[in-house]
Number of protein chains: 4
Amino acid sequence: MWGGRFTAEPDDVMQAINASIDVDRRLAEEDIAGSLAHAQMLAAVGVLTEADAAAIASGLNQVLDEIRTGRFVFSRALEDIHMNVESRLKDIIGEPAGRLHTARSRNDQVATDFRLWVKRACAAREQQITALIGVLVEGADRWADAVTPGFTHLQTAQPVTFGHHLLAYAEMLDRDRGRFADAAARMDECPLGAAALAGTGFPIDRDQTARALGFAAPMANSLDAVSARDFALEALAAIAICSQHLSRLAEEIVIWSSAQFGFVRLSDAWSTGSSIMPQKRNPDAAELVRAKTGRATGALVGLLTVMKGLPLAYSKDMQEDKSQVFEAFDALDLSLQAMTGMMATAEPDLARMRAAAAHGFSTATDLADWLVREANVPFREAHHITGRAVKAAEDCGCALWDLPLDTLQTIDARITGAVFGVLTVDASVASRTSYGGTAPVRVREQVARWRSRLAAATGDA
Amino acid sequence: MWGGRFTAEPDDVMQAINASIDVDRRLAEEDIAGSLAHAQMLAAVGVLTEADAAAIASGLNQVLDEIRTGRFVFSRALEDIHMNVESRLKDIIGEPAGRLHTARSRNDQVATDFRLWVKRACAAREQQITALIGVLVEGADRWADAVTPGFTHLQTAQPVTFGHHLLAYAEMLDRDRGRFADAAARMDECPLGAAALAGTGFPIDRDQTARALGFAAPMANSLDAVSARDFALEALAAIAICSQHLSRLAEEIVIWSSAQFGFVRLSDAWSTGSSIMPQKRNPDAAELVRAKTGRATGALVGLLTVMKGLPLAYSKDMQEDKSQVFEAFDALDLSLQAMTGMMATAEPDLARMRAAAAHGFSTATDLADWLVREANVPFREAHHITGRAVKAAEDCGCALWDLPLDTLQTIDARITGAVFGVLTVDASVASRTSYGGTAPVRVREQVARWRSRLAAATGDA
Amino acid sequence: MWGGRFTAEPDDVMQAINASIDVDRRLAEEDIAGSLAHAQMLAAVGVLTEADAAAIASGLNQVLDEIRTGRFVFSRALEDIHMNVESRLKDIIGEPAGRLHTARSRNDQVATDFRLWVKRACAAREQQITALIGVLVEGADRWADAVTPGFTHLQTAQPVTFGHHLLAYAEMLDRDRGRFADAAARMDECPLGAAALAGTGFPIDRDQTARALGFAAPMANSLDAVSARDFALEALAAIAICSQHLSRLAEEIVIWSSAQFGFVRLSDAWSTGSSIMPQKRNPDAAELVRAKTGRATGALVGLLTVMKGLPLAYSKDMQEDKSQVFEAFDALDLSLQAMTGMMATAEPDLARMRAAAAHGFSTATDLADWLVREANVPFREAHHITGRAVKAAEDCGCALWDLPLDTLQTIDARITGAVFGVLTVDASVASRTSYGGTAPVRVREQVARWRSRLAAATGDA
Amino acid sequence: MWGGRFTAEPDDVMQAINASIDVDRRLAEEDIAGSLAHAQMLAAVGVLTEADAAAIASGLNQVLDEIRTGRFVFSRALEDIHMNVESRLKDIIGEPAGRLHTARSRNDQVATDFRLWVKRACAAREQQITALIGVLVEGADRWADAVTPGFTHLQTAQPVTFGHHLLAYAEMLDRDRGRFADAAARMDECPLGAAALAGTGFPIDRDQTARALGFAAPMANSLDAVSARDFALEALAAIAICSQHLSRLAEEIVIWSSAQFGFVRLSDAWSTGSSIMPQKRNPDAAELVRAKTGRATGALVGLLTVMKGLPLAYSKDMQEDKSQVFEAFDALDLSLQAMTGMMATAEPDLARMRAAAAHGFSTATDLADWLVREANVPFREAHHITGRAVKAAEDCGCALWDLPLDTLQTIDARITGAVFGVLTVDASVASRTSYGGTAPVRVREQVARWRSRLAAATGDA
């Protein structure tokens with residue numbers, strides 16, 4: 001393959017470490033698309049005859065069909081997807097196959113294939129994220145006034161609505177979606193035509209190949225075209241951050257599914273049992289989603305490590321870019337699907353949530369705020385008064401709203417009976433009507449906003 | 001600070017692990033800006049009297065002045081920047097200070113401060129990147145036709161122009177700039193008003209505070225507002241990727257500065273000596289830039305690890321977000337400045353570069369391309385013919401262009417004397433005129449494009 | 001500092017990126033110890049006069065005293081701790097100070113200082129881990145028969161004893177201790193005398209300096225001595241793994257402290273409150289311990305990134321080794337102390353734990369095992385039978401042990417009244433007497449084993 | 001598989017995310033070894049009949065044979081290797097297969113399988129490291145007095161011997177070997193018998209199964225046994241650190257193979273060519289070794305992320321432990337083999353190395369040391385004098401040893417003609433005879449020490 005200058009065969013280990021076909025065969029569709037575009041362009045500018053271009057196109061389509069139908073035999077001796085395809089093309093069409101590689105190199109070829117794959121994968125994840133947001137928004141609508149504890153430090157802090165809680169994840173996921181979109185837009189330039197590293201003297205039309213492959217433009221610097229992998233790093237960062245969001249929701253599902261919380265029951269289709277403890281209903285899918293953030297972070301670190309300190313232009317180190325990227329995208333693919341399935345079928349136990357929300361003097365802030373608002377007490381002082389009221393309630397083993405008025409008035413004379421109107425969990429959530437607040441009225445507004453955005457997004461797609 | 005319910009003092013170690021003031025004092029400007037905006041808004045909606053708001057504003061400005069002039073005494077017992085500022089405010093203005101914390105919480109306060117800091121830091125890095133691009137573009141203009149080896153695998157592959165090489169980094173850095181811009185745009189929403197986690201019942205105007213702090217809008221979900229740190233993760237990812245680009249250029253500077261390459265001489269101002277070897281001129285700054293990618297990657301992994309699996313809303317774990325972010329931004333700050341300084345003053349040794357570019361049969365591809373173009377030889381066959389020509393040149397210890405024509409014709413009869421017109425390094429680079437190619441004419445076009453973009457960017461700023 | 005060959009001053013940014021004194025001043029004790037040992041050895045082999053050596057020793061001790069008492073003025077212009085100390089030495093003793101650097105270089109000097117620091121820090125962490133194990137073992141003794149749920153997937157699986165649960169962490173921490181000990185043993189070789197990178201022609205006695213500094217031996221290869229940082233990487237890996245163990249216990253404390261679990265109440269000294277919600281008792285210290293695993297992982301990745309691909313011998317990149325190592329050791333220091341304090345004072349709610357352990361048919365396995373043992377039913381079949389029994393109990397809303405015998409016999413005729421003897425949580429834990437099992441008798445045996453090990457460890461120290 | 005309580009089938013995505021058979025089939029040998037040991041022990045303690053145990057053993061051996069010969073059909077519906085094996089066992093031997101799972105659980109089963117695999121893999125890597133050290137030691141013997149530049153900052157610092165340089169890597173690799181040995185020793189405890197998490201009431205003999213599987217002892221705490229993964233983390237850390245060492249040597253090979261350095265020529269068997277540039281000899285294997293440190297670091301971070309904050313005992317997250325560990329061990333396997341092959345066949349260009357070593361006033365330190373030793377000049381003053389001599393040599397474009405004596409004496413009158421005896425590169429390396437120094441006599445001593453150590457290591461194995 002490397003011309004006739006080598007007198008000894010490569011060592012077996014050399015072949016094993018060097019061959020990438022087990023990994024890059026996954027680029028077959030993109031590789032053939034790139035070759036088709038390249039051949040068509042070469043014919044258009046007169047480098048290839050129309051006959052050769054037609055033979056190449058016909059042959060490549062046959063190769064593609066063989067791959068899609070599982071009849072293609074991949075060879076490690078041919079190292080990579082590019083040589084596997086070209087070699088088979090030669091079997092099929094003979095001499096014109098040898099003209100296909102004119103004005104290109106494996107360096108720009110693999111950069112094009114991989115960039116195309118990553119761009120498409122970003123788009124696919126965007127759609128899956130949109131689907132998950134859709135599920136969350138429907139849940140938010142259904143449970144817009146279902147009261148549940150709002151936690152800080154996993155301690156009950158203030159009551160919130162479950163719909164509001166679900167929409168917090170919709171916000172995070174929407175930013176994740178934006179990161180994939182931005183990454184895809186930034187990588188939307190075609191490396192093809194950079195050749196080995198310096199461009200070429202053939203009169204190629206890079207705009208044509210870029211357009212044929214669905215890129216917005218050709219890349220403006222040939223050295224950059226073959227040596228850049230920041231597009232993959234940016235995609236991995238988007239995956240890692242999205243996975244981190246999913247790990248938070250997954251953690252909540254695991255906690256909510258515990259007997260002690262009992263806030264949520266996963267459907268049978270999304271639970272597993274145990275080989276020794278027949279009573280178990282395990283949130284395995286949530287745990288696996290939580291774990292897959294490890295794959296994402298590992299892949300990101302892996303590729304950052306690979307790329308650190310590489311001089312221009314192409315170094316073989318870059319061959320180690322693909323496996324980690326494929327695995328990270330696959331992990332997120334499964335995670336998004338699993339999370340969508342779980343959330344679409346999980347059933348909250350509204351009674352337990354409401355009871356938990358009332359626990360732990362969760363409306364203490366409402367008492368403090370009442371003192372500020374109604375009695376003009378400075379916030380810091382109101383805070384101290386409320387602390388004493390909570391202590392009194394704790395001592396008598398009752399809720400804040402069950403304290404006798406005169407007990408409250410002993411603590412601070414400015415408290416009146418009107419205070420009891422703000423101390424229930426429903427009053428608390430209903431009162432938090434500031435923009436972005438948890439009040440059902442605000443949640444329903446947000447649901448409406450989301451629905452129109454999702455409709456637009458679906459319309460776009 | 002936490003009201004009167006605790007009977008025992010915190011353990012000393014508890015205070016040490018809990019206090020964040022050594023780190024978050026760096027948010028002082030942002031914290032006071034946030035409080036000023038909050039107080040002004042509270043007065044506008046009638047929650048504070050104008051007199052109280054004026055006292056608060058006056059007091060806060062005094063605190064800010066004390067901090068800026070180094071007279072402020074920070075206290076660890078007061079834990080964090082928020083309590084340090086508020087406590088001092090109370091010393092100065094008394095009772096109204098206790099009204100400032102109405103309708104907010106440290107949760108939305110720190111989220112606002114930190115987001116504001118990160119947003120500003122992203123903008124500062126964008127400007128520094130633009131400055132570095134400017135230096136590279138001027139170098140590209142100066143060396144648009146200086147021939148240097150284009151390497152793959154650190155082996156001479158094809159001649160390129162040094163200007164073209166510099167512009168490859170301009171492309172990478174421009175995408176880095178775009179990542180900071182996208183991150184800044186995505187984080188351009190204000191958390192203030194989310195209060196502890198649920199919003200508030202006070203009639204606050206979140207649009208007003210967002211606007212006052214320079215945010216595009218308030219965040220739409222209060223739980224998300226206090227628990228999101230993806231803005232910091234995205235910024236860290238942008239830093240890590242940019243650092244990785246800088247590490248590549250730094251590696252090249254180190255290699256180019258070696259006696260064996262001798263391509264570049266750093267200025268005195270950007271070299272260091274040795275305590276024991278007086279003859280050394282060490283590229284320390286380049287090595288430190290290369291190393292600082294470790295800090296960036298470490299910080300990204302660190303925060304991804306912190307955030308993994310945290311349930312909503314605020315958990316104390318998030319306090320560990322700031323030190324790593326500050327350090328990563330600082331590392332990139334120094335790296336960008338150092339790289340700009342080094343590149344602005346480094347002097348290439350054009351003669352050595354040119355000589356190296358001619359080495360190693362670097363125009364072999366040009367011979368192969370000539371065979372394809374002029375003799376209609378299929379590329380794969382031309383490749384084999386060229387391999388034999390290179391072997392012949394190697395055997396006779398001469399350059400490709402010094403091979404006698406009849407030797408070449410023995411290898412392949414289709415070769416004519418015209419071939420010598422493409423075998424020099426100048427002919428090679430001049431021929432690569434495809435879009436994005438290394439030909440001087442293409443490099444100068446790109447320089448013009450960059451200049452107009454940079455003018456626009458500077459005009460914007 | 002670098003001799004007279006440079007005509008221009010370093011750029012300010014160059015100084016800022018190059019100076020390490022803000023970080024490496026922490027090596028002052030080790031640096032001076034190294035210089036004292038070096039000077040004494042130089043005198044012993046006749047390279048220094050006794051008078052010069054005495055002057056140097058006296059001067060260094062004065063410098064040390066100035067540093068310890070805070071009177072030393074560190075200078076950034078002098079770059080690092082080595083030059084700061086030597087410069088001050090020269091102020092104090094004059095000319096002999098210029099003879100101290102004979103037969104050494106900053107390369108072996110910093111390698112020695114840093115290795116010594118890391119070795120000592122490993123020993124300190126070992127002691128802290130032993131202290132934490134001690135607290136866990138005392139808890140295990142106290143709660144050797146306190147029944148609590150054993151979870152898998154955070155679902156109640158089988159009852160275990162709380163003492164057994166605590167000892168699981170003692171096992172993990174003991175392996176962590178072993179990792180620090182192994183790392184310390186492997187790094188117990190002295191780099192001093194490697195000079196810049198090649199050794200020296202002076203007749204130095206490296207055994208003497210190694211011994212004086214408490215190292216087992218000198219390092220056997222001078223290039224390795226100045227360029228190795230695997231000792232720091234191994235220590236960081238030990239920190240990261242130990243932090244990961246602590247993060248698991250911290251997560252449990254957070255979950256156990258929730259109102260829903262209510263298994264554990266942290267003492268006042270290890271809880272915090274809230275600025276707005278006066279009723280909160282937050283497990284901040286546990287959350288911070290959990291978060292600090294991010295710092296540890298980040299530091300490990302950071303230094304692995306720095307060291308990747310560095311050619312021998314010394315590169316300036318290595319200067320970026322210390323800050324991350326210091327921070328990671330500090331984080332673990334606080335984490336171990338905090339965890340020890342929390343665990344020493346936390347109080348379990350034994351009644352809630354026991355009640356939770358009985359929940360969820362946690363003795364289902366005991367029923368299955370009984371069928372295998374007493375009725376010779378194959379395990380897989382026993383599993384199916386038990387599954388049906390659990391379903392019956394679930395349908396009637398009762399515990400397994402409350403099912404009528406005839407209901408059980410309807411499910412499988414081989415079940416007899418004797419089965420009720422194994423279905424309580426106390427019977428379950430008491431029965432698990434296999435080595436390493438949760439039975440109180442086994443836990444007490446382990447406590448005894450631990451106590452004798454800890455006594456030995458303390459005796460050693 | 002989970003008993004009869006679930007009414008709905010798992011979702012397809014649930015199956016896809018949950019099934020581990022594609023990964024854990026690699027544990028087949030260990031899984032069957034574990035089952036054989038378990039069945040034999042159950043029979044020995046009377047829980048199984050001898051007949052059942054014999055049937056199980058016979059059946060398991062048949063399964064093993066089917067797997068080894070590629071006739072076994074793995075099923076994703078059966079989730080994992082354990083159920084695949086047990087299900088096939090049932091096909092073969094019927095009812096007794098259902099008795100095998102008595103007194104164990106998949107939790108202790110997978111912990112045992114995986115630990116056994118990792119322990120064996122550590123031993124295999126130890127042997128490969130020893131082989132690589134052997135190659136380096138033979139090279140050190142061959143090139144014990146071959147002079148080459150010793151670099152700091154990739155600048156020529158002092159001459160060293162190439163043998164000494166190779167032995168620096170032997171030292172690093174020996175510590176790597178030690179890390180694998182320590183990790184293997186620490187993980188040498190058997191989890192089997194911990195059952196699901198609490199131990200078992202069956203009278204099992206854990207010492208017997210531990211011994212049968214080659215473990216030193218059973219693990220002492222059942223909760224720890226099923227939830228610990230620090231053994232895998234420690235192995236990954238050892239891999240990452242070893243990979244980092246290999247990345248340094250790989251970087252050197254890449255640099256040495258460049259035309260500009262030309263220090264080393266890789267053999268044909270360890271070089272690759274180019275599809276477009278027929279003259280290239282690329283050090284692909286070295287680049288791939290350098291890159292594979294990314295996989296190692298990524299896997300370590302990945303598993304640290306997975307394990308962060310997992311409560312005891314088993315969580316499904318842990319299923320994500322194996323793929324990263326397998327990949328990291330595989331990467332190091334290839335890297336060690338490739339590095340051994342490359343180093344065993346690479347040929348240094350001794351003349352170029354020697355010439356480079358003489359370049360750049362590399363014996364300046366020798367001049368400074370001569371002044372200290374022979375003229376009693378304080379080191380710091382000698383350093384300044386040498387700096388002026390270097391400047392003089394640079395100005396006249398000659399080597400230090402070509403400076404006229406009177407020029408040197410103008411710089412400092414104490415210099416005599418004797419100085420020329422120390423200024424050559426051979427004199428320089430020969431003089432550095434301190435322990436661990438680069439002098440040929442020291443290198444040969446180290447070679448002898450290594451040979452006897454390697455002989456002992458091979459004798460052990």
# chains A, B, ... in the order shown; residues from 1 in each chain; ligands from 1

call {"tool": "interface_residues", "arguments": {"of": "chain A", "to": "chain B", "cutoff": "6 Å", "atoms": "only C-alpha atoms", "output": "VMD selection string"}}
result
chain A and resid 3 98 to 99 102 151 to 153 168 198 to 201 220 to 224 244 247 to 248 251 to 252 308 to 311 313 to 315 378 to 380 384 387 431 to 434 436 to 438

call {"tool": "residues_around", "arguments": {"residues": "A:Thr458", "least_positions_apart": "2", "cutoff": "12 Å", "atoms": "only C-alpha atoms", "output": "PyMOL selection string"}}
result
chain A and resi 126-131+134+450-456+460-461

call {"tool": "closest_residue", "arguments": {"among": "D:Ala146, D:Ala296, D:Ile239, D:Ala123", "to": "A:Gln324", "atoms": "only C-alpha atoms"}}
result
D:Ala296

call {"tool": "select_by_dssp", "arguments": {"residues": "stretch 413-444 of chain A", "states": "helix (DSSP H, G or I)", "output": "mmCIF file with N, CA and C atoms, in the first residue's frame"}}
result
data_model
loop_
_atom_site.group_PDB
_atom_site.id
_atom_site.type_symbol
_atom_site.label_atom_id
_atom_site.label_comp_id
_atom_site.auth_asym_id
_atom_site.auth_seq_id
_atom_site.Cartn_x
_atom_site.Cartn_y
_atom_site.Cartn_z
ATOM 1 N N GLY A 417 -53.451 36.787 63.505
ATOM 2 C CA GLY A 417 -54.088 35.569 63.002
ATOM 3 C C GLY A 417 -54.010 35.445 61.495
ATOM 4 N N ALA A 418 -53.818 36.584 60.821
ATOM 5 C CA ALA A 418 -53.732 36.545 59.359
ATOM 6 C C ALA A 418 -52.582 35.685 58.869
ATOM 7 N N VAL A 419 -51.622 35.469 59.759
ATOM 8 C CA VAL A 419 -50.439 34.718 59.339
ATOM 9 C C VAL A 419 -50.791 33.294 58.901
ATOM 10 N N PHE A 420 -51.856 32.740 59.492
ATOM 11 C CA PHE A 420 -52.168 31.343 59.166
ATOM 12 C C PHE A 420 -52.552 31.164 57.697
ATOM 13 N N GLY A 421 -52.922 32.267 57.065
ATOM 14 C CA GLY A 421 -53.241 32.202 55.638
ATOM 15 C C GLY A 421 -52.050 31.913 54.741
ATOM 16 N N VAL A 422 -50.847 32.046 55.242
ATOM 17 C CA VAL A 422 -49.681 31.816 54.364
ATOM 18 C C VAL A 422 -48.890 30.575 54.750
ATOM 19 N N VAL A 425 -48.885 24.580 52.619
ATOM 20 C CA VAL A 425 -48.046 24.376 51.437
ATOM 21 C C VAL A 425 -48.732 24.896 50.179
ATOM 22 N N ASP A 426 -50.032 24.785 50.115
ATOM 23 C CA ASP A 426 -50.706 25.299 48.915
ATOM 24 C C ASP A 426 -50.633 26.814 48.847
ATOM 25 N N ALA A 427 -50.826 27.452 49.987
ATOM 26 C CA ALA A 427 -50.692 28.912 50.015
ATOM 27 C C ALA A 427 -49.275 29.311 49.637
ATOM 28 N N SER A 428 -48.317 28.544 50.130
ATOM 29 C CA SER A 428 -46.922 28.879 49.861
ATOM 30 C C SER A 428 -46.631 28.838 48.363
ATOM 31 N N VAL A 429 -46.953 27.713 47.708
ATOM 32 C CA VAL A 429 -46.620 27.634 46.282
ATOM 33 C C VAL A 429 -47.445 28.636 45.480
ATOM 34 N N ALA A 430 -48.693 28.823 45.877
ATOM 35 C CA ALA A 430 -49.525 29.768 45.111
ATOM 36 C C ALA A 430 -48.976 31.176 45.191
ATOM 37 N N SER A 431 -48.309 31.483 46.309
ATOM 38 C CA SER A 431 -47.837 32.862 46.502
ATOM 39 C C SER A 431 -46.601 33.185 45.672
ATOM 40 N N PRO A 440 -48.433 27.590 40.451
ATOM 41 C CA PRO A 440 -49.065 26.884 39.320
ATOM 42 C C PRO A 440 -49.353 27.790 38.131
ATOM 43 N N VAL A 441 -49.744 29.021 38.404
ATOM 44 C CA VAL A 441 -50.055 29.931 37.301
ATOM 45 C C VAL A 441 -48.815 30.199 36.440
ATOM 46 N N ARG A 442 -47.698 30.290 37.096
ATOM 47 C CA ARG A 442 -46.439 30.509 36.362
ATOM 48 C C ARG A 442 -46.034 29.244 35.590
ATOM 49 N N VAL A 443 -46.238 28.097 36.237
ATOM 50 C CA VAL A 443 -45.867 26.832 35.570
ATOM 51 C C VAL A 443 -46.695 26.659 34.293
ATOM 52 N N ARG A 444 -47.969 26.981 34.375
ATOM 53 C CA ARG A 444 -48.819 26.800 33.190
ATOM 54 C C ARG A 444 -48.423 27.764 32.078
#

call {"tool": "closest_residue", "arguments": {"among": "D:Ala285, D:Ala33, D:Ala259, D:Ala457", "to": "D:Val85", "atoms": "only C-alpha atoms"}}
result
D:Ala33

call {"tool": "atom_distance", "arguments": {"atom1": "atom CA of D:Leu116", "atom2": "atom CA of D:Ser87"}}
result
22.4 Å

call {"tool": "atom_distance", "arguments": {"atom1": "atom CA of C:Pro404", "atom2": "atom CA of C:Asp145"}}
result
28.7 Å

call {"tool": "select_by_dssp", "arguments": {"residues": "stretch 204-453 of chain C", "states": "strand (DSSP E)", "output": "CSV table (one decimal) with all heavy atoms, in the first residue's frame"}}
result
chain,number,residue,atom,x,y,z
C,217,ALA,N,17.4,5.6,50.0
C,217,ALA,CA,18.6,5.4,49.1
C,217,ALA,C,18.6,6.6,48.1
C,217,ALA,O,17.5,7.3,47.9
C,217,ALA,CB,18.5,4.1,48.3
C,218,PRO,N,19.7,6.8,47.4
C,218,PRO,CA,19.6,7.7,46.3
C,218,PRO,C,19.0,7.1,45.0
C,218,PRO,O,19.1,5.9,44.9
C,218,PRO,CB,21.1,8.0,46.0
C,218,PRO,CG,21.9,6.9,46.5
C,218,PRO,CD,21.0,6.2,47.6
C,264,VAL,N,-29.9,9.2,60.5
C,264,VAL,CA,-28.8,9.7,61.2
C,264,VAL,C,-29.0,11.2,61.5
C,264,VAL,O,-29.6,11.9,60.6
C,264,VAL,CB,-27.5,9.6,60.4
C,264,VAL,CG1,-26.4,10.6,60.8
C,264,VAL,CG2,-26.9,8.2,60.5
C,265,ARG,N,-28.6,11.7,62.6
C,265,ARG,CA,-28.7,13.1,63.0
C,265,ARG,C,-27.2,13.5,63.2
C,265,ARG,O,-26.6,13.0,64.1
C,265,ARG,CB,-29.5,13.3,64.2
C,265,ARG,CG,-29.7,14.8,64.6
C,265,ARG,CD,-30.6,14.9,65.8
C,265,ARG,NE,-30.5,16.2,66.4
C,265,ARG,CZ,-31.4,17.2,66.1
C,265,ARG,NH1,-32.4,17.0,65.3
C,265,ARG,NH2,-31.2,18.4,66.7
C,347,GLU,N,-25.4,10.6,65.4
C,347,GLU,CA,-26.2,9.7,66.1
C,347,GLU,C,-27.2,9.0,65.2
C,347,GLU,O,-28.1,9.7,64.6
C,347,GLU,CB,-26.9,10.4,67.3
C,347,GLU,CG,-26.1,10.7,68.5
C,347,GLU,CD,-25.6,9.4,69.1
C,347,GLU,OE1,-26.3,8.4,69.2
C,347,GLU,OE2,-24.4,9.4,69.6
C,348,PRO,N,-27.2,7.7,65.1
C,348,PRO,CA,-28.2,7.0,64.3
C,348,PRO,C,-29.5,6.9,65.1
C,348,PRO,O,-29.5,6.9,66.3
C,348,PRO,CB,-27.6,5.6,64.1
C,348,PRO,CG,-26.6,5.4,65.3
C,348,PRO,CD,-26.1,6.8,65.6

call {"tool": "atom_distance", "arguments": {"atom1": "atom CA of D:Arg106", "atom2": "atom CA of D:His82"}}
result
7.3 Å

call {"tool": "closest_residue", "arguments": {"among": "B:Arg71, B:Arg115, B:Arg120, B:His38", "to": "B:Phe180", "atoms": "only C-alpha atoms"}}
result
B:Arg120

call {"tool": "decode", "arguments": {"residues": "stretch 87-100 of chain D", "atoms": "N, CA and C atoms", "output": "mmCIF file, in the first residue's frame"}}
result
data_model
loop_
_atom_site.group_PDB
_atom_site.id
_atom_site.type_symbol
_atom_site.label_atom_id
_atom_site.label_comp_id
_atom_site.auth_asym_id
_atom_site.auth_seq_id
_atom_site.Cartn_x
_atom_site.Cartn_y
_atom_site.Cartn_z
ATOM 1 N N SER D 87 -27.801 -20.659 31.981
ATOM 2 C CA SER D 87 -28.902 -21.125 31.133
ATOM 3 C C SER D 87 -28.461 -22.292 30.254
ATOM 4 N N ARG D 88 -27.254 -22.147 29.705
ATOM 5 C CA ARG D 88 -26.740 -23.245 28.869
ATOM 6 C C ARG D 88 -26.474 -24.489 29.719
ATOM 7 N N LEU D 89 -26.020 -24.253 30.958
ATOM 8 C CA LEU D 89 -25.782 -25.373 31.871
ATOM 9 C C LEU D 89 -27.078 -26.142 32.113
ATOM 10 N N LYS D 90 -28.152 -25.384 32.248
ATOM 11 C CA LYS D 90 -29.444 -26.036 32.480
ATOM 12 C C LYS D 90 -29.857 -26.873 31.269
ATOM 13 N N ASP D 91 -29.605 -26.332 30.085
ATOM 14 C CA ASP D 91 -29.891 -27.114 28.871
ATOM 15 C C ASP D 91 -29.147 -28.446 28.913
ATOM 16 N N ILE D 92 -27.917 -28.392 29.386
ATOM 17 C CA ILE D 92 -27.061 -29.580 29.326
ATOM 18 C C ILE D 92 -27.374 -30.563 30.435
ATOM 19 N N ILE D 93 -27.507 -30.036 31.698
ATOM 20 C CA ILE D 93 -27.615 -30.989 32.811
ATOM 21 C C ILE D 93 -28.961 -30.962 33.509
ATOM 22 N N GLY D 94 -29.836 -30.059 33.140
ATOM 23 C CA GLY D 94 -31.160 -30.033 33.742
ATOM 24 C C GLY D 94 -31.168 -29.551 35.186
ATOM 25 N N GLU D 95 -31.989 -30.157 36.002
ATOM 26 C CA GLU D 95 -32.318 -29.665 37.345
ATOM 27 C C GLU D 95 -31.130 -29.280 38.218
ATOM 28 N N PRO D 96 -30.055 -30.026 38.292
ATOM 29 C CA PRO D 96 -28.973 -29.614 39.201
ATOM 30 C C PRO D 96 -28.435 -28.216 38.899
ATOM 31 N N ALA D 97 -28.589 -27.765 37.656
ATOM 32 C CA ALA D 97 -28.133 -26.406 37.316
ATOM 33 C C ALA D 97 -28.797 -25.373 38.213
ATOM 34 N N GLY D 98 -30.042 -25.626 38.585
ATOM 35 C CA GLY D 98 -30.784 -24.696 39.431
ATOM 36 C C GLY D 98 -30.270 -24.646 40.853
ATOM 37 N N ARG D 99 -29.372 -25.571 41.194
ATOM 38 C CA ARG D 99 -28.838 -25.592 42.563
ATOM 39 C C ARG D 99 -27.483 -24.868 42.667
ATOM 40 N N LEU D 100 -26.929 -24.517 41.527
ATOM 41 C CA LEU D 100 -25.590 -23.901 41.538
ATOM 42 C C LEU D 100 -25.582 -22.534 42.215
#
